[in-house]
Amino acid sequence: MNRFALWLGEDPAAVLAADADTLDRYRVDVLGLPADVAHVADYRTRAIGNLARLLLYLQYQGLRPSFGWGGEDADLCIRFHTALLAHGLTRFNANRHGLHGAHLIIWARLHGIKPTELGEDTITRFATHRCHCGLVNASRIINPNLRQMRRRAAVRLLRFMDGADPLVVDRAVVRADRALRKPAAESVAAYRNWLIRHRGLATSTVETYMNELLEWQAVLGEDAGMYTAARVRALARQRLEGRSPTVQSRFITVIRSYLRFRAGRGDCAPTLADALISRPTYSLGTVPRSLPFETLRAVIAGCDPDSAAGIRDRAVLTLLLETGMRGIEVARLRLQDLDWERAVITVRGKGGRASIMPLTQDSGDAILDWLARARPATDDEALFVRIRTPCVGIRPQGGVADIVCRALARAGHIRVGGSHLFRHSLARKLLKEGVGLPAIAGVLRHQTLDTAMIYAKVDEAGLKSVARPWPGAGR
């Protein structure tokens, strides 16, 4: 301590103005430790740790600026730790998160970073810094696992500090490899609220709109008074080039919706929404992808019957194949949707419409096996949940979609389709068995027969029997 005080000079107030940068200069100038040294287990390293603790002590005593941090750091870390345990995180992992969270607070205090200034850039600095923060057990050897763990704990702590769920957002687990989303512009936040309160869109649809909007809203600009038809079309040319028809249609839908919202607030001209026309679509323009029914049964048989994930995946895939459910409908299933006495299940389809469907023997057996042997103990009411903590319901994307892709890949079917592949394959099987299109539309819960007409294309034998020869083909 005396050596540090002498190095600072005769002014006693110099120690009150010291920070992490001051300690780094002291390490290099006086102790002779290179700034990028990984670890030196001697008195010099311990001296830096002691000095860091001194600076923190002066902060907590109110003798140095605390940069917006209060005196309740310990209480914050305890509440964060308790919230993680409540989500089902193991005590070991919750302890690690709590320690890294406390480390983030100490590091921010030493570097003069306010709580409101913590974001993607500062978290990256924290995750990669060589620790001289005065923590007894902090590792100074940076490796990918440590960086990831620091980032994960920091991201979750910031969510907790903002009053949000630290582990789950919209049923997706907050991970370290996902960058923090920058605060949305005022119009973006207002647009999201408008979609929910005035348009009545489902949460998943709102998230799709928001993810699309955030890709290009900064390019379009926040000042809608500067919007012109030429500017909108220039953005469209940039965003549509080389994209799939689905992505193109989504962009046009979202930007026209956003422009109508801004026009409704008086921010821009109402005619701007007409600067882009809808992308032409062709009804029944494609042939639905499908695989033979027995091939998909073999895919299901490839699920591991002795692992919790395999048992769950088998139940999900069996439901998709034998009932023709959509992936989102499987993800929406709740425990109370099962009626074992009547052997039926309640399915919530598009628009929130509920339908009662019979539960086949195979799908019922697969679900019962999942409930009896593999489903984790959790308060979540979803029928299908994550195996690892937090045990929340699986999502259509990243949950059901991943289950389908993994199962198909194990069987050697790469990029052949998603969960709708099972739905199309069921329709193809029923058609081959002589079931009429009206009955197929009923099984798949189509609102109109026209929607089921696309499956007429997969009946190749039937099409050949009614197809007329090409004019002049016999010459």
# chains A, B, ... in the order shown; residues from 1 in each chain; ligands from 1
$ residues_around --residues "range 271-281 of chain A" --least-positions-apart "3" --cutoff "12 Å" --atoms "only C-alpha atoms" --output "count of residues only"
42
$ residues_around --residues "His129 in chain A" --least-positions-apart "2" --cutoff "9 Å" --atoms "only C-alpha atoms" --output "ChimeraX atom specification"
/A:124-127,131-132,140,142,147
$ closest_residue --among "A:Glu241, A:Glu207, A:Asp304, A:Glu222" --to "Arg410 in chain A" --atoms "only C-alpha atoms"
A:Asp304
$ select_by_dssp --residues "range 187-393 of chain A" --states "strand (DSSP E or B)" --output "list in words"
Arg334, Leu338, Asp339, Val344, Ile345, Thr346, Val347, Arg348, Ala354, Ser355, Ile356, Met357, Pro358, Ala382, Val385 and Gly393 of chain A
$ select_by_dssp --residues "range 135-310 of chain A" --states "alpha helix (DSSP H)" --output "JSON, numbers by chain"
{"A": [144, 145, 146, 147, 148, 149, 150, 151, 152, 153, 154, 155, 156, 157, 158, 159, 160, 161, 186, 187, 188, 189, 190, 191, 192, 193, 194, 195, 196, 197, 203, 204, 205, 206, 207, 208, 209, 210, 211, 212, 213, 214, 215, 216, 217, 218, 219, 220, 229, 230, 231, 232, 233, 234, 235, 236, 237, 238, 239, 240, 245, 246, 247, 248, 249, 250, 251, 252, 253, 254, 255, 256, 257, 258, 259, 260, 261, 262, 263, 264, 293, 294, 295, 296, 297, 298, 299, 300, 301, 308, 309, 310]}
$ closest_atom_pairs --of "range 70-131 of chain A" --to "range 380-394 of chain A" --cutoff "7 Å" --atoms "only C-alpha atoms" --output "CSV"
residue,atom,partner,partner_atom,distance
A:His87,CA,A:Pro390,CA,5.6
A:Gly88,CA,A:Pro390,CA,5.6
A:Leu89,CA,A:Thr389,CA,5.6
$ write_last_selection --atoms "C-alpha atoms" --output "tab-separated table (two decimals), in the first residue's frame"
chain	number	residue	atom	x	y	z
A	87	HIS	CA	-35.92	-21.89	-12.65
A	88	GLY	CA	-34.47	-25.33	-11.96
A	89	LEU	CA	-30.81	-24.53	-12.54
$ closest_residue --among "A:Ala407, A:Leu444, A:Gly310, A:Gly302" --to "Ser355 in chain A" --atoms "only C-alpha atoms"
A:Leu444
$ residues_around --residues "Cys77 in chain A" --least-positions-apart "6" --cutoff "7 Å" --atoms "only C-alpha atoms" --output "PyMOL selection string"
chain A and resi 98+101-102
$ closest_residue --among "A:Ala409, A:Ala74, A:Leu84, A:Cys133" --to "Ala47 in chain A" --atoms "only C-alpha atoms"
A:Cys133
$ closest_residue --among "A:Arg395, A:His103, A:Arg334, A:Arg312" --to "Val168 in chain A" --atoms "only C-alpha atoms"
A:Arg395
